[in-house]
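Shown below: coords_2.cif, with mmCIF, C-alpha atoms and all ligand atoms.
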data_final
#
loop_
_atom_site.label_atom_id
_atom_site.label_comp_id
_atom_site.auth_asym_id
_atom_site.auth_seq_id
_atom_site.Cartn_x
_atom_site.Cartn_y
_atom_site.Cartn_z
CA PRO Y 184 -28.80 -257.01 -87.28
CA PRO Y 185 -29.02 -255.16 -90.65
CA ALA Y 186 -25.78 -255.10 -92.67
CA ILE Y 187 -23.64 -252.03 -92.03
CA PRO Y 188 -22.65 -250.32 -95.31
CA ALA Y 189 -18.92 -250.41 -96.04
CA ALA Y 190 -17.11 -247.38 -94.70
CA ALA Y 191 -14.89 -247.59 -97.79
CA SER Y 192 -17.75 -246.13 -99.87
CA VAL Y 193 -17.26 -242.68 -98.31
CA PRO Y 194 -14.46 -240.26 -99.16
CA PRO Y 195 -11.19 -240.45 -97.20
CA ARG Y 196 -11.11 -238.35 -94.06
CA ALA Y 197 -8.90 -237.46 -91.14
CA GLU Y 198 -9.12 -239.94 -88.29
CA PRO Y 199 -10.32 -238.14 -85.15
CA ALA Y 200 -10.78 -239.85 -81.81
CA VAL Y 201 -13.83 -242.09 -81.81
CA ASP Y 202 -15.20 -240.52 -78.64
CA ALA Y 203 -15.18 -237.08 -80.21
CA PHE Y 204 -18.35 -237.89 -82.16
CA ARG Y 205 -21.86 -237.84 -80.92
CA LEU Y 206 -24.62 -239.70 -82.72
CA SER Y 207 -28.16 -238.94 -81.60
CA VAL Y 208 -31.56 -239.74 -83.01
CA ASN Y 209 -34.39 -237.56 -84.34
CA LEU Y 210 -37.85 -238.61 -83.17
CA ASN Y 211 -40.96 -237.73 -85.18
CA SER Y 212 -43.37 -239.91 -83.20
CA LEU Y 213 -43.78 -242.20 -80.24
CA THR Y 214 -43.62 -245.09 -82.73
CA ASP Y 215 -40.08 -243.93 -83.55
CA LEU Y 216 -39.40 -243.91 -79.82
CA ASP Y 217 -40.36 -247.55 -79.44
CA ALA Y 218 -38.22 -248.54 -82.44
CA VAL Y 219 -34.95 -247.05 -81.14
CA ASP Y 220 -32.68 -248.71 -78.60
CA PRO Y 221 -31.73 -245.85 -76.25
CA ALA Y 222 -28.48 -247.62 -75.34
CA ALA Y 223 -27.42 -247.46 -79.01
CA VAL Y 224 -27.39 -243.65 -79.30
CA ASP Y 225 -25.99 -240.72 -77.36
CA GLY Y 226 -29.43 -239.22 -76.86
CA VAL Y 227 -32.27 -237.54 -78.70
CA GLY Y 228 -30.99 -234.62 -80.75
CA LEU Y 229 -34.39 -233.51 -82.00
CA VAL Y 230 -37.97 -234.27 -81.01
CA ARG Y 231 -40.26 -232.82 -83.67
CA SER Y 232 -43.02 -232.11 -81.15
CA GLU Y 233 -45.38 -230.75 -83.81
CA PHE Y 234 -45.93 -234.33 -85.04
CA LEU Y 235 -46.91 -235.68 -81.61
CA PHE Y 236 -50.31 -233.96 -81.50
CA LEU Y 237 -52.96 -234.85 -84.03
CA SER Y 238 -55.57 -232.21 -83.19
CA PRO Y 239 -55.71 -228.70 -81.72
CA ALA Y 240 -57.30 -230.22 -78.60
CA GLU Y 241 -54.25 -232.45 -78.09
CA ALA Y 242 -51.80 -229.62 -78.76
CA LEU Y 243 -53.64 -227.46 -76.21
CA SER Y 244 -53.57 -230.14 -73.49
CA GLU Y 245 -50.69 -229.63 -71.05
CA GLU Y 246 -51.23 -233.15 -69.69
CA ARG Y 247 -50.97 -234.62 -73.18
CA HIS Y 248 -47.63 -232.82 -73.68
CA VAL Y 249 -46.42 -234.07 -70.30
CA ALA Y 250 -47.42 -237.66 -71.10
CA CYS Y 251 -45.49 -237.63 -74.41
CA TYR Y 252 -42.35 -235.99 -73.06
CA ARG Y 253 -42.34 -238.10 -69.91
CA ARG Y 254 -42.35 -241.26 -72.04
CA ILE Y 255 -39.38 -240.04 -74.07
CA VAL Y 256 -37.32 -238.82 -71.11
CA THR Y 257 -38.04 -241.93 -69.05
CA ARG Y 258 -37.17 -244.28 -71.90
CA PHE Y 259 -33.87 -242.49 -72.54
CA ALA Y 260 -33.09 -242.75 -68.82
CA GLY Y 261 -30.40 -240.19 -68.18
CA ARG Y 262 -29.38 -239.51 -71.79
CA PRO Y 263 -29.87 -235.97 -73.13
CA VAL Y 264 -33.22 -235.26 -74.77
CA THR Y 265 -33.67 -232.18 -76.94
CA LEU Y 266 -37.31 -231.18 -77.24
CA ARG Y 267 -38.08 -228.74 -80.02
CA LEU Y 268 -40.99 -226.39 -79.45
CA LEU Y 269 -43.89 -226.78 -81.89
CA ASP Y 270 -42.66 -225.96 -85.39
CA LEU Y 271 -46.06 -225.32 -86.90
CA GLY Y 272 -46.63 -223.66 -90.26
CA GLY Y 273 -44.87 -224.15 -93.56
CA ASP Y 274 -45.10 -227.83 -94.44
CA LYS Y 275 -46.51 -228.67 -90.97
CA ALA Y 276 -50.20 -227.83 -90.67
CA LEU Y 277 -52.47 -228.59 -87.72
CA PRO Y 278 -55.92 -227.92 -89.23
CA GLY Y 279 -58.06 -225.87 -86.88
CA LEU Y 280 -54.99 -224.23 -85.35
CA ILE Y 281 -52.80 -223.38 -88.34
CA GLU Y 282 -53.28 -224.20 -91.99
CA GLY Y 283 -49.68 -224.18 -93.20
CA GLY Y 284 -49.00 -224.12 -96.91
CA PRO Y 285 -46.53 -222.18 -99.03
CA ALA Y 286 -47.67 -218.76 -97.76
CA SER Y 287 -46.67 -219.55 -94.20
CA LEU Y 288 -43.18 -220.69 -95.25
CA LEU Y 289 -42.22 -217.02 -95.06
CA GLY Y 290 -44.89 -216.11 -92.52
CA GLU Y 291 -45.78 -217.00 -88.93
CA ARG Y 292 -43.93 -220.31 -88.71
CA GLY Y 293 -42.19 -221.94 -85.75
CA ILE Y 294 -41.28 -219.52 -82.95
CA ARG Y 295 -43.06 -216.70 -84.78
CA PHE Y 296 -46.36 -218.57 -84.47
CA LEU Y 297 -45.67 -219.45 -80.82
CA LEU Y 298 -44.90 -215.85 -79.85
CA ALA Y 299 -48.08 -214.77 -81.65
CA HIS Y 300 -50.03 -217.45 -79.71
CA PRO Y 301 -48.44 -217.32 -76.26
CA GLU Y 302 -51.23 -219.36 -74.67
CA LEU Y 303 -50.07 -222.32 -76.74
CA ALA Y 304 -46.40 -221.63 -76.01
CA ARG Y 305 -47.13 -221.41 -72.27
CA ILE Y 306 -48.85 -224.81 -72.27
CA GLN Y 307 -45.83 -226.41 -73.93
CA ALA Y 308 -43.38 -224.53 -71.69
CA ARG Y 309 -45.14 -225.68 -68.52
CA ALA Y 310 -45.16 -229.30 -69.68
CA ILE Y 311 -41.45 -229.16 -70.52
CA LEU Y 312 -40.56 -227.46 -67.23
CA ARG Y 313 -42.34 -230.26 -65.36
CA VAL Y 314 -40.74 -233.10 -67.34
CA ALA Y 315 -37.27 -231.47 -67.24
CA ALA Y 316 -37.29 -232.20 -63.51
CA LEU Y 317 -37.08 -235.90 -64.46
CA GLY Y 318 -33.98 -235.87 -66.69
CA PRO Y 319 -31.52 -233.89 -68.82
CA VAL Y 320 -33.87 -232.01 -71.13
CA SER Y 321 -32.94 -229.09 -73.33
CA VAL Y 322 -35.20 -227.03 -75.57
CA LEU Y 323 -34.76 -226.12 -79.22
CA LEU Y 324 -36.47 -223.05 -80.64
CA PRO Y 325 -37.55 -223.49 -84.29
CA MET Y 326 -37.25 -220.89 -87.07
CA VAL Y 327 -35.42 -218.29 -84.99
CA THR Y 328 -34.43 -215.18 -86.96
CA LEU Y 329 -33.51 -212.61 -84.29
CA PRO Y 330 -32.08 -212.67 -80.74
CA ALA Y 331 -35.20 -210.85 -79.47
CA GLU Y 332 -37.23 -213.98 -80.19
CA VAL Y 333 -34.99 -215.98 -77.85
CA THR Y 334 -35.28 -213.28 -75.19
CA ALA Y 335 -39.07 -213.38 -75.43
CA MET Y 336 -39.19 -217.17 -75.15
CA ALA Y 337 -36.70 -217.21 -72.26
CA LYS Y 338 -38.92 -214.73 -70.42
CA LEU Y 339 -41.97 -216.90 -71.05
CA PHE Y 340 -40.14 -219.97 -69.66
CA ASP Y 341 -38.96 -218.00 -66.60
CA GLU Y 342 -42.49 -216.76 -65.90
CA GLU Y 343 -44.02 -220.22 -66.18
CA ALA Y 344 -41.24 -221.73 -64.04
CA ALA Y 345 -41.92 -219.15 -61.33
CA ARG Y 346 -45.65 -219.75 -61.55
CA LEU Y 347 -45.27 -223.53 -61.19
CA ALA Y 348 -42.74 -223.15 -58.39
CA ARG Y 349 -45.21 -220.96 -56.47
CA LEU Y 350 -47.71 -223.80 -56.78
CA GLY Y 351 -45.14 -226.21 -55.36
CA VAL Y 352 -44.73 -228.11 -58.64
CA PRO Y 353 -41.18 -229.51 -59.10
CA VAL Y 354 -39.64 -227.87 -62.17
CA ARG Y 355 -36.26 -227.46 -63.84
CA ARG Y 356 -35.58 -224.59 -66.22
CA PRO Y 357 -33.90 -226.27 -69.23
CA PRO Y 358 -31.28 -224.55 -71.41
CA LEU Y 359 -32.67 -222.98 -74.58
CA GLY Y 360 -30.90 -223.45 -77.90
CA ILE Y 361 -31.81 -222.40 -81.41
CA MET Y 362 -32.34 -224.12 -84.69
CA VAL Y 363 -29.93 -222.56 -87.18
CA GLU Y 364 -32.15 -222.70 -90.24
CA VAL Y 365 -32.86 -219.08 -91.18
CA PRO Y 366 -29.90 -217.52 -93.02
CA ALA Y 367 -30.12 -214.26 -91.03
CA ALA Y 368 -29.58 -216.19 -87.80
CA ALA Y 369 -26.92 -218.44 -89.33
CA LEU Y 370 -24.85 -215.36 -90.24
CA THR Y 371 -25.14 -213.76 -86.78
CA LEU Y 372 -24.61 -216.53 -84.20
CA ASP Y 373 -22.42 -214.20 -82.14
CA LEU Y 374 -25.46 -212.01 -81.43
CA PHE Y 375 -27.40 -214.87 -79.79
CA ALA Y 376 -25.99 -214.48 -76.29
CA GLU Y 377 -29.03 -216.20 -74.75
CA ALA Y 378 -28.79 -219.32 -76.89
CA ALA Y 379 -27.03 -222.10 -74.97
CA PHE Y 380 -26.46 -224.24 -78.07
CA PHE Y 381 -27.04 -224.40 -81.82
CA SER Y 382 -28.57 -227.11 -83.97
CA VAL Y 383 -28.32 -226.72 -87.72
CA GLY Y 384 -31.50 -227.50 -89.67
CA THR Y 385 -30.11 -228.06 -93.12
CA ASN Y 386 -33.53 -228.79 -94.64
CA ASP Y 387 -34.85 -225.31 -94.02
CA LEU Y 388 -31.47 -223.60 -94.25
CA MET Y 389 -31.14 -224.95 -97.79
CA GLN Y 390 -34.64 -223.95 -98.87
CA TYR Y 391 -34.28 -220.43 -97.50
CA LEU Y 392 -30.81 -220.03 -99.03
CA SER Y 393 -31.92 -221.11 -102.48
CA ALA Y 394 -35.47 -219.69 -102.27
CA ALA Y 395 -36.68 -223.09 -103.52
CA ALA Y 396 -39.29 -224.98 -101.46
CA ARG Y 397 -37.95 -228.18 -99.89
CA ASP Y 398 -40.98 -230.26 -100.90
CA ASN Y 399 -41.48 -229.03 -104.49
CA PRO Y 400 -39.90 -231.48 -106.97
CA ALA Y 401 -40.07 -228.85 -109.74
CA VAL Y 402 -37.40 -226.77 -108.01
CA ALA Y 403 -35.42 -229.58 -106.36
CA PRO Y 404 -32.44 -229.07 -108.74
CA LEU Y 405 -32.03 -225.56 -107.35
CA ASN Y 406 -31.55 -227.02 -103.89
CA THR Y 407 -29.05 -229.67 -104.90
CA GLY Y 408 -27.33 -227.08 -107.10
CA SER Y 409 -26.92 -224.71 -104.14
CA GLU Y 410 -24.75 -227.14 -102.19
CA THR Y 411 -21.68 -224.94 -102.55
CA ALA Y 412 -23.53 -222.01 -100.99
CA LEU Y 413 -24.83 -224.24 -98.20
CA PHE Y 414 -21.38 -225.62 -97.35
CA ARG Y 415 -19.83 -222.15 -97.31
CA LEU Y 416 -22.45 -221.13 -94.78
CA LEU Y 417 -21.96 -224.34 -92.79
CA ALA Y 418 -18.22 -223.62 -92.58
CA GLN Y 419 -19.01 -220.18 -91.19
CA ILE Y 420 -21.49 -221.64 -88.67
CA SER Y 421 -18.93 -224.17 -87.41
CA THR Y 422 -16.22 -221.50 -87.04
CA ALA Y 423 -18.56 -219.11 -85.23
CA ALA Y 424 -19.94 -221.74 -82.84
CA HIS Y 425 -16.46 -222.97 -81.92
CA ALA Y 426 -15.21 -219.40 -81.41
CA LEU Y 427 -18.14 -218.81 -79.06
CA GLY Y 428 -17.45 -222.07 -77.23
CA LYS Y 429 -21.05 -223.20 -77.73
CA PRO Y 430 -22.14 -226.70 -78.68
CA VAL Y 431 -23.26 -227.09 -82.28
CA SER Y 432 -24.95 -230.09 -83.86
CA VAL Y 433 -26.49 -230.90 -87.23
CA CYS Y 434 -29.99 -232.40 -87.20
CA GLY Y 435 -31.20 -231.81 -90.76
CA ASP Y 436 -31.38 -234.62 -93.31
CA LEU Y 437 -27.84 -233.83 -94.47
CA ALA Y 438 -26.61 -235.43 -91.23
CA GLY Y 439 -28.03 -238.76 -92.40
CA ASP Y 440 -25.94 -238.77 -95.60
CA PRO Y 441 -22.48 -240.31 -94.97
CA GLU Y 442 -20.80 -238.41 -97.80
CA ALA Y 443 -22.12 -235.09 -96.52
CA VAL Y 444 -21.17 -236.00 -92.95
CA ALA Y 445 -17.59 -236.65 -94.04
CA ARG Y 446 -17.56 -233.08 -95.38
CA LEU Y 447 -19.21 -231.76 -92.22
CA MET Y 448 -16.57 -233.47 -90.09
CA ALA Y 449 -13.89 -231.77 -92.16
CA LEU Y 450 -15.56 -228.45 -91.27
CA GLY Y 451 -15.36 -229.29 -87.57
CA PHE Y 452 -18.83 -230.67 -86.86
CA ARG Y 453 -18.78 -233.59 -84.40
CA ASP Y 454 -22.40 -233.91 -83.26
CA PHE Y 455 -25.05 -235.40 -85.54
CA SER Y 456 -28.68 -236.29 -85.04
CA VAL Y 457 -30.40 -238.45 -87.63
CA ALA Y 458 -33.61 -240.33 -88.39
CA PRO Y 459 -33.74 -243.85 -86.88
CA SER Y 460 -33.38 -245.40 -90.35
CA ARG Y 461 -30.05 -243.57 -90.88
CA LEU Y 462 -28.41 -244.78 -87.66
CA PRO Y 463 -26.69 -247.87 -89.15
CA ALA Y 464 -25.06 -245.91 -92.01
CA LEU Y 465 -23.89 -243.16 -89.67
CA ARG Y 466 -22.61 -245.60 -87.09
CA ALA Y 467 -20.50 -247.24 -89.79
CA LEU Y 468 -19.07 -243.88 -90.81
CA LEU Y 469 -18.36 -242.73 -87.28
CA ARG Y 470 -16.78 -246.14 -86.57
CA ARG Y 471 -18.77 -247.06 -83.56
CA PRO Y 472 -19.09 -250.81 -84.16
CA ALA Y 473 -19.51 -251.47 -80.45
CA MET Y 474 -22.92 -249.84 -80.46
CA ALA Y 475 -25.91 -252.14 -80.73
CA GLU Y 476 -28.43 -251.63 -83.52
CA GLY Y 477 -31.11 -249.06 -82.73
C1 LIG N 501 -34.44 -228.78 -90.70
O1 LIG N 501 -35.07 -227.82 -91.13
O2 LIG N 501 -33.39 -229.20 -91.21
C2 LIG N 501 -34.91 -229.53 -89.52
C3 LIG N 501 -34.16 -230.41 -88.89
O3 LIG N 501 -36.18 -229.31 -89.10
P1 LIG N 501 -37.47 -229.77 -89.94
O4 LIG N 501 -37.02 -230.74 -91.00
O5 LIG N 501 -38.38 -230.39 -88.94
O6 LIG N 501 -38.00 -228.50 -90.48
MG MG N 502 -36.66 -226.92 -90.02
#

Is it possible to give me this structure as structure tokens?
Amino acid sequence: PPAIPAAASVPPRAEPAVDAFRLSVNLNSLTDLDAVDPAAVDGVGLVRSEFLFLSPAEALSEERHVACYRRIVTRFAGRPVTLRLLDLGGDKALPGLIEGGPASLLGERGIRFLLAHPELARIQARAILRVAALGPVSVLLPMVTLPAEVTAMAKLFDEEAARLARLGVPVRRPPLGIMVEVPAAALTLDLFAEAAFFSVGTNDLMQYLSAAARDNPAVAPLNTGSETALFRLLAQISTAAHALGKPVSVCGDLAGDPEAVARLMALGFRDFSVAPSRLPALRALLRRPAMAEG
């Protein structure tokens, strides 16, 4: 197995119980899926579903969605799988359906695009409702700003669940959680009564806090320089989520950086989801040597 980086290279920290931590994996593709040992992680904390479909025709095929999700849920046999609804727009274009680009960073991205194109959202919802009958699936809503967006998506899921049930199709209505990646939502978690859980997307949260695009090297120093602002907001998110008694995880790239994770742990975060390549470093930090390599 690859060498595990020395834990001594990270700052000192309090020593919480080993079992208090959860380490999950982010999946960007079915190739990622094949590369990860499901027994070596606590589950899938984020499936970036927008990367699973290479054309509008694929994204509009309910059966194609079902095939992808079924593979993931079956492979993770019984471990929690968090499927994020299509986060299209911004840096994630699907030519023919949505062009993306800088303009859409502040436009119809993520859940905004889905609510504006409910036929697409309904296809994905039906596929998820069908696959959720096979295992512990939950759903993440991307780019949520207001509670009304969650209400609208919950209604859409309920309607599709009822429709499938009438047809005799086995379904399970999964819990809906939100990505915490728009500052307005991050500052008002208590208003999101319908969100069952929170997952912090530090990549977008940082870019929207600093007003500096995440993929533009010319303004990258503004993002790194805004770390103090980001951590103040993260502290507030952790406090609010714990006060509400709702699960909170971190799935942005920050969760793959051991030094940042040590700081996140000090703020009360215990649940991290990282890219497959970051699993060994995080495992070393979270002191889970018993886990096999993923
Ligand atoms: C994030 O924004 O931090 C996140 C996890 O989502 P994505 O990187 O896919 O936008
Ligand atoms: Mg994001």

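Proximity of Y:Ile306, Y:Ala335, Y:Ala203, Y:Met362 to ligand MG 502 (chain N), computed with only C-alpha atoms and all ligand atoms, is greatest for Y:Met362.
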
Exercise. Quick one: of Y:Thr265, Y:Asn211, Y:Ser409, Y:Thr385, who's nearest to Ala369 (chain Y), counting all atoms listed in the file?
Worked result: Y:Thr385

Using all atoms listed in the file, I'd like a table of the residues in region 287-367 of chain Y that come within 12 Å of region 423-430 of chain Y; for each, show the closest atom pair and its distance in Å rounded to one decimal, ordered by chain and ascending number, as a Markdown table.
| residue | atom | partner | partner_atom | distance |
| --- | --- | --- | --- | --- |
| Y:Pro358 | CA | Y:Pro430 | CA | 11.9 |
| Y:Leu359 | CA | Y:Pro430 | CA | 11.9 |
| Y:Gly360 | CA | Y:Pro430 | CA | 9.4 |
| Y:Ile361 | CA | Y:Pro430 | CA | 10.9 |
| Y:Val363 | CA | Y:Ala424 | CA | 10.9 |

Exercise. For ligand MG 502 (chain N), which residue out of Y:Arg247, Y:His300, Y:Arg397, Y:Arg346 is the nearest one, using only C-alpha atoms and all ligand atoms?
Worked result: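 The closest residue to ligand MG 502 (chain N) is Y:Arg397.
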
For this session: Between Y:Leu213, Y:Ala412, Y:Ala464, Y:Cys434, single out the one closest to ligand LIG 501 (chain N), counting only C-alpha atoms and all ligand atoms.
Result: Y:Cys434

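Separating atom C3 of ligand LIG 501 (chain N) from CA of Ala449 (chain Y) is a distance of 20.6 Å.
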
For this session: Have a look at Y:Asn386, Y:Ser207, Y:Thr328, Y:Thr257 and name the one nearest to ligand MG 502 (chain N); count all atoms listed in the file.
Result: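 Smallest distance to ligand MG 502 (chain N) is found for Y:Asn386.
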
For this session: Name the residues, by chain letter and number, that sit within 8 Å of ligand LIG 501 (chain N) using all atoms listed in the file, and give them as a list of chain:residue names.
Result: Y:Leu229, Y:Arg231, Y:Asp270, Y:Pro325, Y:Met362, Y:Glu364, Y:Val383, Y:Gly384, Y:Thr385, Y:Asn386, Y:Asp387, Y:Leu388, Y:Val433, Y:Cys434, Y:Gly435, Y:Asp436, Y:Leu437

For this session: With all atoms listed in the file counted, which protein, DNA or RNA residues have an atom no more than 12 Å from (-27.6, -212.8, -90.9) in the file frame? Please answer as a list in words.
Result: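 The requested residues, written out, are Val327, Thr328, Leu329, Pro330, Val363, Glu364, Val365, Pro366, Ala367, Ala368, Ala369, Leu370, Thr371, Leu372, Asp373, Leu374, Phe375, Leu388, Leu392, Leu416, Gln419 and Ile420 of chain Y.
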
How big is the axis-aligned box around all listed atoms of region 433-440 of chain Y once 4 Å goes on each side, and where's its centre, in Å to one decimal, as lines of an AutoDock Vina configuration file?
center_x = -28.7
center_y = -234.8
center_z = -91.4
size_x = 13.4
size_y = 15.9
size_z = 16.4

Exercise. Which residue gives the smallest distance to ligand MG 502 (chain N) among Y:Ser432, Y:Gln390, Y:Asn399, Y:Ser460, with all atoms listed in the file counted?
Worked result: Y:Gln390

For this session: Please return, as an MDAnalysis selection string, all polymer residues that have at least one atom within 10 Å of the point (-53.9, -229.8, -80.6); use all atoms listed in the file and the file's own coordinate frame.
Result: chainID Y and resid 233 235:244 247:248 277:280 303

For this session: Would you work out the distance separating CA of Val444 (chain Y) from CA of Thr422 (chain Y), expressed in Å to one decimal?
Result: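 Taking CA of Val444 (chain Y) and CA of Thr422 (chain Y), their separation equals 16.4 Å.
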
For this session: Could you jot down the CA of Glu410 (chain Y) to CA of Met389 (chain Y) separation for me, Å, one decimal place?
Result: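 Spanning CA of Glu410 (chain Y) to CA of Met389 (chain Y) is a straight-line distance of 8.1 Å.
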
For this session: Do a neighbour search on Val219 (chain Y) at 10 Å with all atoms listed in the file, toss out local chain neighbours closer than 6 positions, and write the hits as a list in words.
Result: Val208, Leu210, Arg258, Phe259, Ala458, Pro459, Ser460, Leu462, Glu476 and Gly477 of chain Y

Expected file: the selected residues, C-alpha atoms, as a PDB file, in the frame of the given file:
ATOM      1  CA  VAL Y 208     -31.560-239.740 -83.010  1.00  0.00           C
ATOM      2  CA  LEU Y 210     -37.850-238.610 -83.170  1.00  0.00           C
ATOM      3  CA  ARG Y 258     -37.170-244.280 -71.900  1.00  0.00           C
ATOM      4  CA  PHE Y 259     -33.870-242.490 -72.540  1.00  0.00           C
ATOM      5  CA  ALA Y 458     -33.610-240.330 -88.390  1.00  0.00           C
ATOM      6  CA  PRO Y 459     -33.740-243.850 -86.880  1.00  0.00           C
ATOM      7  CA  SER Y 460     -33.380-245.400 -90.350  1.00  0.00           C
ATOM      8  CA  LEU Y 462     -28.410-244.780 -87.660  1.00  0.00           C
ATOM      9  CA  GLU Y 476     -28.430-251.630 -83.520  1.00  0.00           C
ATOM     10  CA  GLY Y 477     -31.110-249.060 -82.730  1.00  0.00           C
TER      11      GLY Y 477
END

My structure is short of atoms at region 307-321 of chain Y; please model N, CA and C atoms there, returning them as a PDB file, in the frame of the given file.
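Full text of result-v7.pdb as output:
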ATOM      1  N   GLN Y 307     -46.975-225.544 -73.628  1.00  0.00           N
ATOM      2  CA  GLN Y 307     -45.830-226.410 -73.930  1.00  0.00           C
ATOM      3  C   GLN Y 307     -44.681-226.137 -72.947  1.00  0.00           C
ATOM      4  N   ALA Y 308     -44.460-224.873 -72.628  1.00  0.00           N
ATOM      5  CA  ALA Y 308     -43.380-224.530 -71.690  1.00  0.00           C
ATOM      6  C   ALA Y 308     -43.621-225.167 -70.327  1.00  0.00           C
ATOM      7  N   ARG Y 309     -44.856-225.089 -69.830  1.00  0.00           N
ATOM      8  CA  ARG Y 309     -45.140-225.680 -68.520  1.00  0.00           C
ATOM      9  C   ARG Y 309     -44.898-227.193 -68.534  1.00  0.00           C
ATOM     10  N   ALA Y 310     -45.352-227.846 -69.594  1.00  0.00           N
ATOM     11  CA  ALA Y 310     -45.160-229.300 -69.680  1.00  0.00           C
ATOM     12  C   ALA Y 310     -43.665-229.640 -69.688  1.00  0.00           C
ATOM     13  N   ILE Y 311     -42.894-228.882 -70.444  1.00  0.00           N
ATOM     14  CA  ILE Y 311     -41.450-229.160 -70.520  1.00  0.00           C
ATOM     15  C   ILE Y 311     -40.771-228.886 -69.180  1.00  0.00           C
ATOM     16  N   LEU Y 312     -41.155-227.779 -68.537  1.00  0.00           N
ATOM     17  CA  LEU Y 312     -40.560-227.460 -67.230  1.00  0.00           C
ATOM     18  C   LEU Y 312     -40.821-228.575 -66.228  1.00  0.00           C
ATOM     19  N   ARG Y 313     -42.002-229.168 -66.282  1.00  0.00           N
ATOM     20  CA  ARG Y 313     -42.340-230.260 -65.360  1.00  0.00           C
ATOM     21  C   ARG Y 313     -41.523-231.508 -65.681  1.00  0.00           C
ATOM     22  N   VAL Y 314     -41.437-231.857 -66.971  1.00  0.00           N
ATOM     23  CA  VAL Y 314     -40.740-233.100 -67.340  1.00  0.00           C
ATOM     24  C   VAL Y 314     -39.219-232.934 -67.193  1.00  0.00           C
ATOM     25  N   ALA Y 315     -38.723-231.707 -67.362  1.00  0.00           N
ATOM     26  CA  ALA Y 315     -37.270-231.470 -67.240  1.00  0.00           C
ATOM     27  C   ALA Y 315     -36.777-231.790 -65.836  1.00  0.00           C
ATOM     28  N   ALA Y 316     -37.691-231.818 -64.868  1.00  0.00           N
ATOM     29  CA  ALA Y 316     -37.290-232.200 -63.510  1.00  0.00           C
ATOM     30  C   ALA Y 316     -36.923-233.679 -63.447  1.00  0.00           C
ATOM     31  N   LEU Y 317     -37.301-234.444 -64.477  1.00  0.00           N
ATOM     32  CA  LEU Y 317     -37.080-235.900 -64.460  1.00  0.00           C
ATOM     33  C   LEU Y 317     -35.806-236.335 -65.173  1.00  0.00           C
ATOM     34  N   GLY Y 318     -35.163-235.456 -65.924  1.00  0.00           N
ATOM     35  CA  GLY Y 318     -33.980-235.870 -66.690  1.00  0.00           C
ATOM     36  C   GLY Y 318     -33.381-234.705 -67.441  1.00  0.00           C
ATOM     37  N   PRO Y 319     -32.242-234.971 -68.138  1.00  0.00           N
ATOM     38  CA  PRO Y 319     -31.520-233.890 -68.820  1.00  0.00           C
ATOM     39  C   PRO Y 319     -32.184-233.449 -70.125  1.00  0.00           C
ATOM     40  N   VAL Y 320     -33.108-232.515 -69.987  1.00  0.00           N
ATOM     41  CA  VAL Y 320     -33.870-232.010 -71.130  1.00  0.00           C
ATOM     42  C   VAL Y 320     -33.297-230.658 -71.544  1.00  0.00           C
ATOM     43  N   SER Y 321     -33.175-230.444 -72.847  1.00  0.00           N
ATOM     44  CA  SER Y 321     -32.940-229.090 -73.330  1.00  0.00           C
ATOM     45  C   SER Y 321     -33.977-228.770 -74.405  1.00  0.00           C
TER      46      SER Y 321
END
